[in-house]
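The structure appears right after this line, and notes come after that.
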Amino acid sequence: MENHFLLPWDNLNTNIRIKLPVVCFTWQIAMIILFGVFVRYDSESDAHWPETMIQNNITSNTENDFYYRYPSFQDVHVMIFVGFGFLMTFLKRYSFSAVGFNFLIASFGIQWALLMQGWFGSLDPSTGKILIGVENLINADFCVAGCLIAFGAVLGKVSPVQLLVMTLFGVTLFAVEEYIILELLHVKDAGGSMVIHAFGGYYGLTISRVLYRPRIHQSKHLQGSVYQSDVFAMIGTLFLWMFWPSFNSAIAYHGDGQHRAVINTYLCLAASVLTTVAISSLSQKTGKLDMVHIQNSTLAGGVALGTAAEFMVSPYGALIVGFLCGILSTMGYIFISKNLKIHDTCGIHNLHAMPGLIGGIVGAITAATANELDYGKQGLINTFGLTGKLQSRSPSTQGGYQAAGICVALAFGIVGGAIVGGILRLPIWGDPADENCYDDEVYWEVPEEDEENPDSIPPILEYNNHMIHKQQEM
Amino acid sequence: MENHFLLPWDNLNTNIRIKLPVVCFTWQIAMIILFGVFVRYDSESDAHWPETMIQNNITSNTENDFYYRYPSFQDVHVMIFVGFGFLMTFLKRYSFSAVGFNFLIASFGIQWALLMQGWFGSLDPSTGKILIGVENLINADFCVAGCLIAFGAVLGKVSPVQLLVMTLFGVTLFAVEEYIILELLHVKDAGGSMVIHAFGGYYGLTISRVLYRPRIHQSKHLQGSVYQSDVFAMIGTLFLWMFWPSFNSAIAYHGDGQHRAVINTYLCLAASVLTTVAISSLSQKTGKLDMVHIQNSTLAGGVALGTAAEFMVSPYGALIVGFLCGILSTMGYIFISKNLKIHDTCGIHNLHAMPGLIGGIVGAITAATANELDYGKQGLINTFGLTGKLQSRSPSTQGGYQAAGICVALAFGIVGGAIVGGILRLPIWGDPADENCYDDEVYWEVPEEDEENPDSIPPILEYNNHMIHKQQEM
Amino acid sequence: MENHFLLPWDNLNTNIRIKLPVVCFTWQIAMIILFGVFVRYDSESDAHWPETMIQNNITSNTENDFYYRYPSFQDVHVMIFVGFGFLMTFLKRYSFSAVGFNFLIASFGIQWALLMQGWFGSLDPSTGKILIGVENLINADFCVAGCLIAFGAVLGKVSPVQLLVMTLFGVTLFAVEEYIILELLHVKDAGGSMVIHAFGGYYGLTISRVLYRPRIHQSKHLQGSVYQSDVFAMIGTLFLWMFWPSFNSAIAYHGDGQHRAVINTYLCLAASVLTTVAISSLSQKTGKLDMVHIQNSTLAGGVALGTAAEFMVSPYGALIVGFLCGILSTMGYIFISKNLKIHDTCGIHNLHAMPGLIGGIVGAITAATANELDYGKQGLINTFGLTGKLQSRSPSTQGGYQAAGICVALAFGIVGGAIVGGILRLPIWGDPADENCYDDEVYWEVPEEDEENPDSIPPILEYNNHMIHKQQEM
């Protein structure tokens with residue numbers, strides 16, 4: 001540790017002492033100003049709510065949307081910060097960055113998401129204000145999820161400043177894409193198979209491709225996991241897995257919509273686990289399981305039911321989706337990941353991008369085949385929101401629009417990723433050298449490891465030193 | 001690590017490359033078919049819910065059972081996957097298996113539980129379909145809890161294929177036992193002292209006894225914990241402890257039933273912590289605390305109030321139960337665990353089996369002494385469900401039936417465990433050799449530990465190698 | 001490890017084999033008796049609830065306070081046990097104590113809190129009984145939070161017996177202080193900036209000052225973190241951060257009050273993260289981030305909005321509070337912590353005490369400037385509870401009372417801490433010697449570390465031993 005020459009990351013290029021604070025401060029001050037101009041409480045979170053209740057003949061506070069959505073919101077919040085954060089701690093020496101940068105960019109992104117999504121979706125036309133409530137918070141978390149997925153593709157290879165830039169553009173693109181898909185095309189995507197996962201996945205993969213480092217093998221020794229880091233990553237996996245039913249139901253229709261989305265997601269995820277284990281075991285000579293598969297592919301079912309969770313896919317339909325996605329995702333890890341010129345650190349292609357596309361297709365098919373017998377007249381209207389001028393849209397037309405939504409998400413992910421990737425190649429963002437990738441020491445004060453086992457290691461070293469002297473004497 | 005001879009677990013006996021995938025695939029396909037034939041949404045999760053509301057004069061979506069039970073369901077879900085999973089990570093080299101196999105068998109079991117419990121409890125007589133809603137998901141999680149408890153007794157000594165077999169039979173036995181206790185005997189057991197904990201405990205202990213390995217001491221060096229694994233295990237302990245009020249109240253009666261079950265469990269668990277600490281400290285010469293006790297016995301109060309949590313045991317009654325169970329459970333770890341020919345890896349006798357019996361007895365006594373003064377006329381009917389042909393059952397009769405329930409749970413656990421244990425002794429399941437027990441390497445790709453401290457360890461090795469050469473030169 | 005002389009902590013002074021069990025048993029028995037005399041279920045958790053519903057014309061079980069507050073309660077519960085517990089695991093060799101003692105004193109404290117807060121707040125005048133429901137459980141958790149904050153200041157330097165004494169007095173002082181502030185002065189403080197954080201912070205800091213150890217540097221080698229312990233601590237940080245919206249809204253007014261408190265806290269915390277990162281990066285030569293800041297200062301926004309979260313601070317107001325608190329808290333860690341004669345182990349001055357004061361001031365200002373335009377007539381009454389004889393209290397008067405509340409909290413913290421600190425200096429509590437501070441081995445059975453890497457370390461030692469013999473032969 002007492003190197004008398006400069007360590008590589010002491011060079012100016014990874015010094016972010018000015019860049020990072022400047023970006024954070026500028027951004028946060030901009031947020032305060034924009035929130036001051038634009039953002040107010042909606043009618044359910046404003047202190048005038050008692051008057052709203054009287055005006056709308058609401059007799060119980062339980063009708064406040066808060067009570068319908070808050071438990072799901074908190075589950076989603078855990079997925080964003082603990083789920084995504086810990087899932088990425090699997091690298092042996094990048095846990096600080098995984099959890100810490102995830103924390104930073106999510107906190108950064110949710111503020112911008114509230115504004116962007118507000119301008120497109122919650123703007124009160126009479127006052128020009130964005131009115132926010134608990135559903136906006138959920139949507140902001142959702143929006144950030146797309147950026148955290150993209151983070152997974154470049155994990156270990158970019159600086160926190162680059163991550164903030166990626167998130168700034170990612171949230172912006174997300175909000176536009178979401179507006180086109182959900183509002184203009186009136187596509188249903190409550191759990192975001194297309195809007196969140198396919199978009200976020202291809203956005204991240206394209207950026208990772210543009211930032212391709214031919215000599216990344218120089219930090220190969222840090223690209224794996226260690227025993228403890230794999231256990232930490234399972235914390236992320238499990239919180240994502242357990243709370244995915246909340247993710248897919250959080251903004252679904254009150255009542256049966258939320259209820260059904262939970263059941264479907266619960267079943268789909270369970271099936272994913274079994275087929276993931278099966279393929280993982282098959283892929284090894286002696287049938288041993290691979291933690292990478294268990295940590296990731298078990299979640300593919302949740303992604304793939306993001307669109308259709310609130311539809312009447314029926315319980316066995318949910319199981320089939322989970323069955324197939326567990327297989328495909330695990331096979332992605334075995335066959336695809338290593339053969340692409342992308343360095344997809346977390347394998348988001350197999351966990352988000354591909355299952356997201358599958359989810360879009362499942363949604364399109366189930367929407368196209370929806371009928372009054374399965375849903376009931378009112379149920380069909382509620383589930384697909386076919387009111388007003390959409391009253392005459394048929395299920396098969398809806399299916400077509402759903403398919404169009406997939407294309408929009410893909411296009412935004414790939415084109416947006418290519419542009420943002422180009423911006424991130426500028427040599428001003430403090431990214432690490434090839435040999436310093438996947439290493440916390442570049443951006444974090446890391447405690448000395450030598451002190452961990454004060455009893456066991458140093459005596460050996462001391463003894464060895466002692467022997468050197470002895471031998472020199474000999 | 002470059003052994004040129006075969007490692008013991010490379011032998012065919014632990015090769016599960018065919019067995020595990022075959023079981024997983026067969027099972028999952030069977031589930032899809034059976035769900036296709038039998039399982040549908042219930043009236044509250046079906047898209048026809050708006051019509052149901054009109055028919056039943058329901059004016060608010062808040063009356064959908066989803067909103068009464070979903071927060072508790074998610075807490076229970078966390079207990080099953082993070083709680084049980086991480087509680088078992090305490091072994092130094094079995095954390096992958098603890099979390100991973102827990103994940104596998106729970107995902108496997110909940111599907112079968114929905115079917116088995118559905119056939120016995122939720123079958124719509126007119127259509128022959130099982131109609132599922134959020135309460136069924138909770139019950140499936142509960143059912144699986146019994147199997148995870150049994151897993152704790154054999155942790156480290158069986159193969160994942162054996163665990164799946166154990167779970168298959170465990171869920172089946174559970175569903176029958178539960179039907180007899182809850183439906184035929186009409187016993188109350190909302191938190192499952194008898195149905196879940198006593199059954200699961202004795203099921204696991206009996207299996208562990210049947211699979212007794214006289215030479216298990218050959219893997220003695222892996223039977224303990226290390227510092228980090230004990231901290232990981234505390235994640236499991238705390239999530240179980242914190243969410244146990246949800247466990248005991250999740251399927252309790254709406255309103256005061258759920259409310260009271262939470263208060264009682266909260267108090268009972270707090271008292272358990274204090275007496276566990278007291279006995280743990282007393283058991284050591286210098287009063288030091290033992291992590292095994294803190295990780296396990298603090299939870300005994302939750303188990304022991306499983307039956308009576310929704311009864312009017314009164315707050316001090318809950319404290320007394322917790323007080324006693326903390327003492328008894330900790331003493332179990334000190335005196336009983338080491339003297340039984342069972343190798344109860346996690347000490348489930350002290351955490352589940354014995355406290356489960358106590359819980360059954362507490363439930364029988366409090367039921368027998370229930371009266372209209374304490375409960376009110378309607379409260380007594382609601383709490384014990386004494387409607388219809390049970391209208392005339394007196395509290396003391398109910399107490400008798402409660403006691404009978406204990407016997408049923410015990411009988412199913414012990415007899416079922418003996419039979420299943422016999423099946424698991426067949427030499428076809430890929431179980432590990434005595435010297436490879438408690439070792440993740442048998443069933444998992446484990447990352448190389450040497451790379452963990454690239455700075456500290458390898459130089460020493462290199463130096464030593466260097467010295468060998470030097471000395472050879474000398 | 002085979003020391004043939006006595007280790008320092010084997011001396012009688014840290015032997016707590018009699019003290020700890022005696023305190024635990026005495027206390028728990030006292031609790032059972034006092035609960036037996038005083039504590040009963042309130043009308044919403046009593047089995048007579050069906051009758052209460054009829055009497056009060058309540059038509060739906062959803063109106064039971066349980067359903068308004070239970071999800072928030074469970075989140076708060078996680079903050080208390082996992083949040084505070086794991087936040088303190090950052091020390092390299094004090095994780096057992098951090099999690100374990102946190103568990104012990106919280107379980108001990110909540111029981112006493114239910115009694116103390118009950119006597120002051122929930123006593124039924126006609127029967128002399130304390131009637132408890134879910135809101136009491138939340139308040140008990142809140143009360144204990146104050147003591148856990150104080151624990152952070154003395155972490156590693158006191159015995160569990162001292163912690164129990166600290167908690168006993170802490171809860172008592174808390175209940176009196178809370179009664180004066182909330183009931184007598186009728187100050188609003190739903191998230192406890194003053195009542196919990198300022199009080200708990202100054203209580204702990206004063207005790208730590210009184211217990212000042214001039215020779216604490218003797219255990220300096222254990223005062224830092226290691227890589228894994230910092231990751232564990234992030235579990236605590238994130239669960240605190242994610243669930244803080246629940247903390248600040250748990251006992252807020254039904255409907256818009258809870259809804260608004262969540263939105264404000266969510267925004268405030270997000271802003272804290274960005275300014276914490278900015279200042280942390282600025283404080284290091286190369287802009288590297290410091291885990292201590294990320295683990296703690298990111299939470300300051302939640303503390304500082306404890307009083308005002310349910311007020312109409314408006315979304316940008318919440319961002320401003322978070323912006324400033326992130327800066328001030330991080331600067332506290334950089335400039336203040338090391339210069340005080342306090343040894344504030346967890347830096348609670350910067351995370352709780354100072355932000356708590358800021359929170360009190362923010363609350364006073366926003367209360368003083370409240371008006372009917374912003375709140376509506378009924379909203380103003382609901383938010384500040386200005387009914388009955390308080391009907392005529394103006395917002396500016398309320399602001400004055402809020403300011404008075406800060407002083408009461410401070411006074412109780414400092415004076416109470418001085419007295420309790422004096423008591424804790426008595427040489428009877430089994431506290432550790434200076435050189436044994438921050439070491440789990442004093443109070444816990446710690447597993448042997450040498451066994452952790454059975455493959456890598458022992459061979460080296462063996463080889464070295466082998467060489468010693470060889471050399472002796474030479």
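As shown in the structure tokens, the chain order sets the letters A, B, ...; within each chain, residues go from 1, and ligands are also counted from 1 in the order they appear.
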Worksheet entry | Distance-based interface of chain B with chain C, 6 Å, counting only C-alpha atoms, as a list in words | Val226, Gly255, Asp256, His259, Arg260, Ala270, Leu274, Ala278, Ser281, Leu282, Thr286, Gly287, Lys288, Leu289, Asp290, Tyr316, Tyr375, Gly376 and Gly379 of chain B
Worksheet item: Excluding same-chain residues fewer than 6 positions from Ile342 of chain C, what lies within 9 Å of it counting only C-alpha atoms, as a PyMOL selection string?
Response: chain C and resi 153+205-213
Restricting it to N, CA and C atoms, dump the selection as a compact mmCIF listing (two decimals), in the first residue's frame.
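Now in part06.txt:
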```
# COMPACT_ATOMS: atom_id res chain seq x y z
N ALA C 153 -24.37 7.30 20.00
CA ALA C 153 -23.29 8.15 20.51
C ALA C 153 -22.32 7.38 21.37
N LEU C 205 -25.50 12.53 23.29
CA LEU C 205 -24.25 13.28 23.27
C LEU C 205 -23.81 13.67 24.67
N THR C 206 -24.78 14.07 25.48
CA THR C 206 -24.42 14.45 26.85
C THR C 206 -23.91 13.25 27.63
N ILE C 207 -24.59 12.13 27.50
CA ILE C 207 -24.09 10.92 28.18
C ILE C 207 -22.68 10.59 27.70
N SER C 208 -22.46 10.65 26.41
CA SER C 208 -21.14 10.32 25.87
C SER C 208 -20.09 11.28 26.42
N ARG C 209 -20.46 12.56 26.57
CA ARG C 209 -19.52 13.54 27.13
C ARG C 209 -19.20 13.21 28.59
N VAL C 210 -20.22 12.83 29.35
CA VAL C 210 -19.99 12.52 30.76
C VAL C 210 -19.13 11.27 30.90
N LEU C 211 -19.32 10.34 29.97
CA LEU C 211 -18.54 9.09 30.03
C LEU C 211 -17.21 9.21 29.28
N TYR C 212 -16.79 10.42 28.98
CA TYR C 212 -15.58 10.64 28.18
C TYR C 212 -14.40 9.79 28.66
N ARG C 213 -13.75 9.11 27.69
CA ARG C 213 -12.60 8.25 28.01
C ARG C 213 -11.37 8.88 27.36
```
Worksheet item: Quick one, how far is atom CA of Gly152 of chain C from atom CA of Ala98 of chain A?
Response: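 Separation of atom CA of Gly152 of chain C and atom CA of Ala98 of chain A: 26.2 Å.
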Worksheet, complete the sentence: Pairwise distance, atom CA of Phe174 of chain A with atom CA of Gly200 of chain A, equals 8.3 Å
Worksheet item: Mind pulling up the distance from atom CA of Ser337 of chain B to atom CA of Ala409 of chain B?
Response: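 If I compute the distance from atom CA of Ala409 of chain B to atom CA of Ser337 of chain B, I get 21.8 Å.
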Just the residues within 7 Å of Lys188 of chain B, please, counting only C-alpha atoms, with nothing from its chain fewer than 5 positions along; format it as an mmCIF file with C-alpha atoms, in the first residue's frame.
```cif
data_model
loop_
_atom_site.group_PDB
_atom_site.id
_atom_site.type_symbol
_atom_site.label_atom_id
_atom_site.label_comp_id
_atom_site.auth_asym_id
_atom_site.auth_seq_id
_atom_site.Cartn_x
_atom_site.Cartn_y
_atom_site.Cartn_z
ATOM 1 C CA LEU B 182 -59.382 -26.193 10.545
ATOM 2 C CA THR B 307 -53.027 -19.932 17.748
ATOM 3 C CA PHE B 384 -64.307 -18.495 16.935
#
```
Worksheet item: Near Leu240 of chain B, within 7 Å and counting only C-alpha atoms, which residues show up once chain neighbours fewer than 4 positions away are dropped, as a VMD selection string?
Response: chain B and resid 79 83 236 244
May I have the selected residues written with N, CA, C and O atoms, as a PDB file, in the first residue's frame?
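Here's the written file again26.pdb:
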```
ATOM      1  N   MET B  79     -41.057 -12.817   4.989  1.00  0.00           N
ATOM      2  CA  MET B  79     -40.642 -13.803   5.992  1.00  0.00           C
ATOM      3  C   MET B  79     -40.239 -15.117   5.339  1.00  0.00           C
ATOM      4  O   MET B  79     -39.247 -15.742   5.724  1.00  0.00           O
ATOM      5  N   GLY B  83     -36.721 -14.019   5.309  1.00  0.00           N
ATOM      6  CA  GLY B  83     -36.659 -14.433   6.710  1.00  0.00           C
ATOM      7  C   GLY B  83     -36.079 -15.826   6.867  1.00  0.00           C
ATOM      8  O   GLY B  83     -34.985 -16.006   7.423  1.00  0.00           O
ATOM      9  N   GLY B 236     -32.160 -12.414   8.529  1.00  0.00           N
ATOM     10  CA  GLY B 236     -33.296 -13.322   8.561  1.00  0.00           C
ATOM     11  C   GLY B 236     -34.072 -13.216   9.856  1.00  0.00           C
ATOM     12  O   GLY B 236     -35.295 -13.095   9.866  1.00  0.00           O
ATOM     13  N   TRP B 244     -43.583 -10.829  12.159  1.00  0.00           N
ATOM     14  CA  TRP B 244     -44.409 -11.873  12.749  1.00  0.00           C
ATOM     15  C   TRP B 244     -45.815 -11.371  13.120  1.00  0.00           C
ATOM     16  O   TRP B 244     -46.800 -12.126  12.998  1.00  0.00           O
TER      17      TRP B 244
END
```
Discussion item. Run DSSP on the backbone and tell me which residues of segment 137-380 of chain C come out as helix (DSSP H, G or I); list them as an NGL selection string.
Written reply: :C and (137-154 or 160-184 or 193-210 or 216-222 or 227-249 or 256-282 or 291-304 or 315-339 or 348-368 or 372-375 or 377-380)
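With only C-alpha atoms as the atoms that count, the residue of A:Asn248, A:Ser329, A:Asn436, A:Asn264 with the shortest distance to Gln223 of chain A is A:Asn436.
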Fill in: Val262 of chain B surroundings by only C-alpha atoms, 7 Å radius, close-in-sequence under 3 positions cut, as a ChimeraX atom specification
/B:245-246,249,258-259,265-266
Worksheet item: If you run DSSP on this backbone, which residues of segment 118-192 of chain C come out as strand (DSSP E), and could you give them as JSON, numbers by chain?
Response: {"C": [123, 124, 129, 130, 131, 132]}
Practice prompt. Please identify all polymer residues within 10 Å of Met354 of chain B, counting only C-alpha atoms, omitting same-chain residues fewer than 3 positions from it, and present them as a list in words.
Written response: Ser193, His197, Ala198, Gly201, Tyr202, Ala300, Val303, Ala304, Cys325, Leu328, Ser329, Gly332, Ile348, His349, Asn350, Leu351, Leu357, Ile358, Gly359 and Gly360 of chain B
Item to complete: Considering only C-alpha atoms, return as a list of chain:residue names whatever protein or nucleic-acid residues lie within 8 Å of segment 391-404 of chain B, sequence-local ones (same chain, fewer than 3 positions apart) excluded.
Response: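 Listed by chain and then number, they are B:Leu185, B:His186, B:Val187, B:Lys188, B:Gly360, B:Ile361, B:Gly363, B:Ala364, B:Ile365, B:Thr366, B:Ala367, B:Ala368, B:Thr369, B:Ala370, B:Asn371, B:Leu386, B:Thr387, B:Gly388, B:Cys407, B:Val408.
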